[in-house]
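Undergrad: I have a structure here, written as structure tokens, and I will follow up with some questions on it.
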Amino acid sequence: MPETVTLEQMLEARERRASRQRALLAQYALPLVSFSMNIAGPVKNSPLIRRGFRLGERALKEHLALSGGAILHEEATDAVTGCEGLYAVDMDPRALKKLTCAIEEHSPLGRLFDMDVITPEGRKLERGAPRRCLICDRNASECARSRAHTVEELQAATRTILTDALRDYDAKEAAGLSVRALMYEVAVTPKPGLVDRANNGSHADMDFYSFASSASALHPYFETCVHIGRQTADQSPPKTLAALRFPGRQAECAMRRATGGVNTHKGAIYSMGLVCGALGRLDREAWRQPERIAKEAAAMAAGAVENELGGVAPETAKTPGERFYAMYGVAGVRGEAAQGFPAVLRHGLPVLESGLAQGKTVDEAGSAALLSMIAHTEDTNLIARGGIDRQKRAAAELQALLRQEPYPARAAVEALDRAYIEENLSPGGSADLLALCFLLHFLKEAAE
């Protein structure tokens, strides 16, 4: 249960804040921003409120950076009496007040932000227009004096504002990171047989710009997937996957519309849409845990292999996926997802992150991560173009190469690229998994 506070605790917190403000004004002789959350009732802090405060703090810092305001001192407290921040800013006080008022007026959470600006002389600057009531949009101070709304009504309005704003923020952030991951994947150069910045690989019908167009078109889909995950979080995981199916078909239509009918990201629509749905089902703190995300995605995809590929004979198979499963037991992206993306967690992501930590470039780390996954998966795109024996030989060749050189030299990868192009091979399934590696990496970075 959230901890409640007493009037005495709030008065003590107010006095501590005032004392600290006086000390900082004396030390820096600069205007201060005193930031807290406007929370009605006896519960002043919670995980939801803390997230709102952190977003407000981020907005303040980013807008100050855009406006040339330098923060010379900052401190924040996270107490039962609420989250508070104090910032000594080298900026004209009136311009600073205008900036904080703009954040309060235009941010989705702005009505819960209380960003006071105190001049170097200790005077609190007043805003031009009065704050609006959370419920009725009238003057907030008048509603407070007349007690026009109950504490329970104000608390309910506060929860709604926080929940709606954070839900939308999470969905937009996940979608943005997903598109970024797709762009990083296609940009990694060299990649054997795949479209990159150097050439079109084994593909005559697509290029780098096809992938850029496709990735951009998929942004709304990824955002939708997060929302669907959140809306179905109290249902069984497979229910979320079922709810993602029609949006996935719409996303494929959007992809083909953007590329003139070319299939650039069909596999990624499934795998990354599944992960975005998993993100919606999970608490925001779990977004920094690739294993937790993969486990949730696996629970969503449970049964998908047998339900969608099982019971089909090779001669009646309608898709390459059905045919490969019937002939070889290779389940492709569905199988990888149902197992919790083992190629990503055991091979691709560790190689990518270890390489970056060692100072490798994104190209070097990304290329090695891709090769590691080709070496440890049954890539259905390779099977489709070269047959099962060629896919197995490619995996064995890469395993031998990576044992000698975990991050192969560019010349070695370029030689592979030439060989794959000559044989018309393309490990497109592994490329989709590389995008997933980037997404999981970006999610961890965003949580720091």
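Residue numbering restarts at 1 for every chain of the structure tokens, chains are lettered A, B, ... in their displayed order, and ligands are numbered from 1 as they appear.
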Just asking: which residues within range 118-266 of chain A are strand (DSSP E or B) according to DSSP, as number ranges by chain?
TA: A: 118, 124, 132, 139
Undergrad: Quick one: write out the picked residues with N, CA and C atoms as an mmCIF file, in the first residue's frame?
TA:
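Wrote it out as again.cif, contents follow:
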data_model
loop_
_atom_site.group_PDB
_atom_site.id
_atom_site.type_symbol
_atom_site.label_atom_id
_atom_site.label_comp_id
_atom_site.auth_asym_id
_atom_site.auth_seq_id
_atom_site.Cartn_x
_atom_site.Cartn_y
_atom_site.Cartn_z
ATOM 1 N N ILE A 118 12.531 31.110 -8.800
ATOM 2 C CA ILE A 118 12.881 32.034 -7.722
ATOM 3 C C ILE A 118 14.062 32.864 -8.185
ATOM 4 N N LYS A 124 9.701 34.786 -5.666
ATOM 5 C CA LYS A 124 9.087 33.805 -6.561
ATOM 6 C C LYS A 124 8.304 34.535 -7.647
ATOM 7 N N ARG A 132 -5.081 25.934 -14.377
ATOM 8 C CA ARG A 132 -6.432 25.409 -14.561
ATOM 9 C C ARG A 132 -6.679 24.228 -13.631
ATOM 10 N N ASN A 139 -10.295 28.243 -12.810
ATOM 11 C CA ASN A 139 -9.138 28.663 -12.023
ATOM 12 C C ASN A 139 -8.913 27.674 -10.877
#
Undergrad: Pull the closest atom pair for each residue of range 183-253 of chain A that gets at most 12 Å from range 435-440 of chain A, along with the distance in Å to one decimal, counting only C-alpha atoms, ordering rows by chain and then ascending residue number, as a tab-separated table.
TA:
residue	atom	partner	partner_atom	distance
A:Met183	CA	A:Ala435	CA	8.1
A:Tyr184	CA	A:Ala435	CA	7.2
A:Glu185	CA	A:Ala435	CA	5.1
A:Val186	CA	A:Ala435	CA	8.4
A:Ala187	CA	A:Ala435	CA	10.5
A:Val188	CA	A:Ala435	CA	10.2
A:Ala215	CA	A:Ala435	CA	11.0
A:Phe222	CA	A:Leu439	CA	11.9
Undergrad: Report as JSON, numbers by chain all protein, DNA and RNA residues lying within 12 Å of Leu398 in chain A, evaluated on only C-alpha atoms, omitting residues in the same chain fewer than 3 positions from it.
TA: {"A": [192, 368, 369, 370, 371, 372, 373, 374, 375, 376, 377, 391, 392, 393, 394, 395, 401, 402, 403, 404, 405, 406, 407, 408, 412, 413, 416]}
Undergrad: Using DSSP on the backbone, list every residue of range 7-125 of chain A that comes out as alpha helix (DSSP H), and give them as a PyMOL selection string.
TA: chain A and resi 7-28+47-67+93-106
Undergrad: Can you tell me, as a PyMOL selection string, what residues are no more than 12 Å from Arg249 in chain A when counting only C-alpha atoms, ignoring any on the same chain fewer than 2 positions away?
TA: chain A and resi 218+221+242-247+251-256+266-267+269-270+273
Undergrad: Produce a file of the selected residues containing N, CA and C atoms, as an mmCIF file, in the first residue's frame.
TA:
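Written output follows (part.cif):
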data_model
loop_
_atom_site.group_PDB
_atom_site.id
_atom_site.type_symbol
_atom_site.label_atom_id
_atom_site.label_comp_id
_atom_site.auth_asym_id
_atom_site.auth_seq_id
_atom_site.Cartn_x
_atom_site.Cartn_y
_atom_site.Cartn_z
ATOM 1 N N LEU A 218 6.149 1.575 -40.736
ATOM 2 C CA LEU A 218 5.782 0.652 -39.670
ATOM 3 C C LEU A 218 5.685 1.315 -38.296
ATOM 4 N N TYR A 221 2.338 0.996 -36.541
ATOM 5 C CA TYR A 221 2.070 -0.393 -36.168
ATOM 6 C C TYR A 221 2.728 -0.748 -34.843
ATOM 7 N N ALA A 242 -3.200 -12.951 -30.614
ATOM 8 C CA ALA A 242 -4.387 -12.997 -31.467
ATOM 9 C C ALA A 242 -4.859 -11.588 -31.816
ATOM 10 N N ALA A 243 -4.782 -10.685 -30.838
ATOM 11 C CA ALA A 243 -5.220 -9.306 -31.076
ATOM 12 C C ALA A 243 -4.265 -8.554 -31.994
ATOM 13 N N LEU A 244 -3.026 -9.049 -32.120
ATOM 14 C CA LEU A 244 -2.038 -8.383 -32.978
ATOM 15 C C LEU A 244 -2.152 -8.807 -34.438
ATOM 16 N N ARG A 245 -2.903 -9.850 -34.716
ATOM 17 C CA ARG A 245 -2.872 -10.421 -36.063
ATOM 18 C C ARG A 245 -3.391 -9.465 -37.135
ATOM 19 N N PHE A 246 -4.559 -8.881 -36.931
ATOM 20 C CA PHE A 246 -5.070 -7.988 -37.980
ATOM 21 C C PHE A 246 -4.219 -6.729 -38.122
ATOM 22 N N PRO A 247 -3.802 -6.081 -37.021
ATOM 23 C CA PRO A 247 -2.857 -4.965 -37.189
ATOM 24 C C PRO A 247 -1.592 -5.379 -37.933
ATOM 25 N N ALA A 251 -0.135 -3.757 -41.234
ATOM 26 C CA ALA A 251 1.254 -3.291 -41.317
ATOM 27 C C ALA A 251 1.922 -3.821 -42.582
ATOM 28 N N GLU A 252 1.607 -5.075 -42.939
ATOM 29 C CA GLU A 252 2.176 -5.616 -44.172
ATOM 30 C C GLU A 252 1.653 -4.852 -45.388
ATOM 31 N N CYS A 253 0.396 -4.471 -45.349
ATOM 32 C CA CYS A 253 -0.155 -3.645 -46.438
ATOM 33 C C CYS A 253 0.571 -2.305 -46.504
ATOM 34 N N ALA A 254 0.815 -1.697 -45.340
ATOM 35 C CA ALA A 254 1.515 -0.412 -45.301
ATOM 36 C C ALA A 254 2.943 -0.554 -45.819
ATOM 37 N N MET A 255 3.591 -1.661 -45.450
ATOM 38 C CA MET A 255 4.956 -1.919 -45.933
ATOM 39 C C MET A 255 4.979 -2.019 -47.460
ATOM 40 N N ARG A 256 4.080 -2.804 -47.999
ATOM 41 C CA ARG A 256 4.073 -3.007 -49.451
ATOM 42 C C ARG A 256 3.665 -1.722 -50.182
ATOM 43 N N LYS A 266 8.633 -8.371 -43.641
ATOM 44 C CA LYS A 266 7.534 -9.226 -43.187
ATOM 45 C C LYS A 266 7.912 -9.989 -41.909
ATOM 46 N N GLY A 267 9.115 -10.527 -41.856
ATOM 47 C CA GLY A 267 9.542 -11.234 -40.656
ATOM 48 C C GLY A 267 9.623 -10.325 -39.449
ATOM 49 N N ILE A 269 7.867 -7.657 -38.967
ATOM 50 C CA ILE A 269 6.509 -7.308 -38.541
ATOM 51 C C ILE A 269 6.028 -8.307 -37.495
ATOM 52 N N TYR A 270 6.364 -9.570 -37.694
ATOM 53 C CA TYR A 270 5.964 -10.590 -36.711
ATOM 54 C C TYR A 270 6.807 -10.479 -35.451
ATOM 55 N N GLY A 273 6.763 -6.870 -33.801
ATOM 56 C CA GLY A 273 5.405 -6.605 -33.325
ATOM 57 C C GLY A 273 5.101 -7.414 -32.076
#
Undergrad: Restricting the calculation to only C-alpha atoms, which member of A:Arg281, A:Arg323, A:His265, A:Lys318 is positioned closest to Asp432 in chain A?
TA: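 Of A:Arg281, A:Arg323, A:His265, A:Lys318, the one nearest Asp432 in chain A is A:His265, counting only C-alpha atoms.
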Undergrad: Within 12 Å of Gln231 in chain A, counting only C-alpha atoms, which residues show up once you throw out same-chain ones fewer than 4 positions away? Write them as a count of residues only, please.
TA: 19
Undergrad: From the set A:Phe341, A:Arg123, A:Thr380, A:Ala447, which residue has the shortest atom-to-atom contact distance to Arg51 in chain A, counting only C-alpha atoms?
TA: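 Going through A:Phe341, A:Arg123, A:Thr380, A:Ala447 one by one, the smallest distance to Arg51 in chain A is for A:Ala447.
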Undergrad: Could you list, as a VMD selection string, every residue within 7 Å of range 33-40 of chain A, counting only C-alpha atoms and ignoring same-chain residues fewer than 6 positions away?
TA: chain A and resid 53 83 to 88 112 to 118 151 154 to 155
Undergrad: Select, from A:Tyr209, A:Asp234, A:Glu378, A:Ser202, the residue with the minimum atom-to-atom distance to Glu422 in chain A, counting only C-alpha atoms.
TA: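 Nearest candidate to Glu422 in chain A out of A:Tyr209, A:Asp234, A:Glu378, A:Ser202: A:Ser202.
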Undergrad: So which residues touch range 58-60 of chain A within 9 Å, counting only C-alpha atoms, skipping near sequence neighbours fewer than 5 positions away, as a PyMOL selection string?
TA: chain A and resi 53+65+99-100+103+107
Undergrad: Store the residues picked out above, limited to all heavy atoms, as a PDB file, in the first residue's frame.
TA:
ATOM      1  N   PHE A  53       7.439  12.499 -12.479  1.00  0.00           N
ATOM      2  CA  PHE A  53       8.452  13.473 -12.073  1.00  0.00           C
ATOM      3  C   PHE A  53       9.691  13.369 -12.967  1.00  0.00           C
ATOM      4  O   PHE A  53      10.239  14.389 -13.414  1.00  0.00           O
ATOM      5  CB  PHE A  53       8.840  13.257 -10.612  1.00  0.00           C
ATOM      6  CG  PHE A  53       9.948  14.161 -10.133  1.00  0.00           C
ATOM      7  CD1 PHE A  53       9.675  15.458  -9.735  1.00  0.00           C
ATOM      8  CD2 PHE A  53      11.260  13.712 -10.098  1.00  0.00           C
ATOM      9  CE1 PHE A  53      10.688  16.301  -9.309  1.00  0.00           C
ATOM     10  CE2 PHE A  53      12.280  14.544  -9.676  1.00  0.00           C
ATOM     11  CZ  PHE A  53      12.004  15.836  -9.270  1.00  0.00           C
ATOM     12  N   ALA A  65      18.439  23.145 -22.355  1.00  0.00           N
ATOM     13  CA  ALA A  65      19.545  22.970 -23.289  1.00  0.00           C
ATOM     14  C   ALA A  65      19.242  23.641 -24.625  1.00  0.00           C
ATOM     15  O   ALA A  65      20.110  24.287 -25.219  1.00  0.00           O
ATOM     16  CB  ALA A  65      19.827  21.482 -23.495  1.00  0.00           C
ATOM     17  N   LEU A  99       9.726  29.687 -19.913  1.00  0.00           N
ATOM     18  CA  LEU A  99      10.009  28.318 -20.336  1.00  0.00           C
ATOM     19  C   LEU A  99       9.269  27.307 -19.463  1.00  0.00           C
ATOM     20  O   LEU A  99       8.642  26.381 -19.977  1.00  0.00           O
ATOM     21  CB  LEU A  99      11.521  28.083 -20.283  1.00  0.00           C
ATOM     22  CG  LEU A  99      12.065  26.732 -20.754  1.00  0.00           C
ATOM     23  CD1 LEU A  99      13.465  26.899 -21.324  1.00  0.00           C
ATOM     24  CD2 LEU A  99      12.109  25.724 -19.616  1.00  0.00           C
ATOM     25  N   THR A 100       9.319  27.495 -18.144  1.00  0.00           N
ATOM     26  CA  THR A 100       8.646  26.534 -17.255  1.00  0.00           C
ATOM     27  C   THR A 100       7.133  26.587 -17.419  1.00  0.00           C
ATOM     28  O   THR A 100       6.460  25.550 -17.348  1.00  0.00           O
ATOM     29  CB  THR A 100       9.030  26.767 -15.789  1.00  0.00           C
ATOM     30  OG1 THR A 100       8.670  28.095 -15.404  1.00  0.00           O
ATOM     31  CG2 THR A 100      10.523  26.561 -15.569  1.00  0.00           C
ATOM     32  N   ILE A 103       6.186  24.505 -20.391  1.00  0.00           N
ATOM     33  CA  ILE A 103       6.182  23.079 -20.075  1.00  0.00           C
ATOM     34  C   ILE A 103       4.905  22.715 -19.323  1.00  0.00           C
ATOM     35  O   ILE A 103       4.245  21.711 -19.624  1.00  0.00           O
ATOM     36  CB  ILE A 103       7.430  22.705 -19.246  1.00  0.00           C
ATOM     37  CG1 ILE A 103       8.697  22.896 -20.074  1.00  0.00           C
ATOM     38  CG2 ILE A 103       7.331  21.257 -18.743  1.00  0.00           C
ATOM     39  CD1 ILE A 103       9.979  22.720 -19.279  1.00  0.00           C
ATOM     40  N   SER A 107       2.882  20.278 -21.890  1.00  0.00           N
ATOM     41  CA  SER A 107       3.224  18.874 -21.681  1.00  0.00           C
ATOM     42  C   SER A 107       1.969  18.088 -21.303  1.00  0.00           C
ATOM     43  O   SER A 107       1.095  18.612 -20.600  1.00  0.00           O
ATOM     44  CB  SER A 107       4.257  18.739 -20.563  1.00  0.00           C
ATOM     45  OG  SER A 107       4.370  17.397 -20.136  1.00  0.00           O
TER      46      SER A 107
END
Undergrad: Between A:Asp389, A:Leu109, A:Gly310, A:Val305, which is the closest to Thr163 in chain A once you count only C-alpha atoms?
TA: A:Leu109
Undergrad: Under the rule that only C-alpha atoms are counted, which of A:Gly110, A:Gly355, A:Gly41, A:Pro350 is the nearest residue to Glu57 in chain A?
TA: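 Comparing A:Gly110, A:Gly355, A:Gly41, A:Pro350 against Glu57 in chain A, the winner is A:Gly110.
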Undergrad: For each of A:Asn307, A:Ser178, A:Thr81, A:Ser426, take the minimum atom-to-atom distance to Ser46 in chain A, counting only C-alpha atoms, then give the residue where this is smallest.
TA: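 Closest candidate: A:Thr81.
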Undergrad: Report, in Å with one decimal, the straight-line distance from CA of Asn381 in chain A to CA of Ala337 in chain A.
TA: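 The value is 16.4 Å.
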Undergrad: Have a look at CA of Gly260 in chain A and CA of Ala212 in chain A and let me know their distance in Å, one decimal.
TA: 12.9 Å
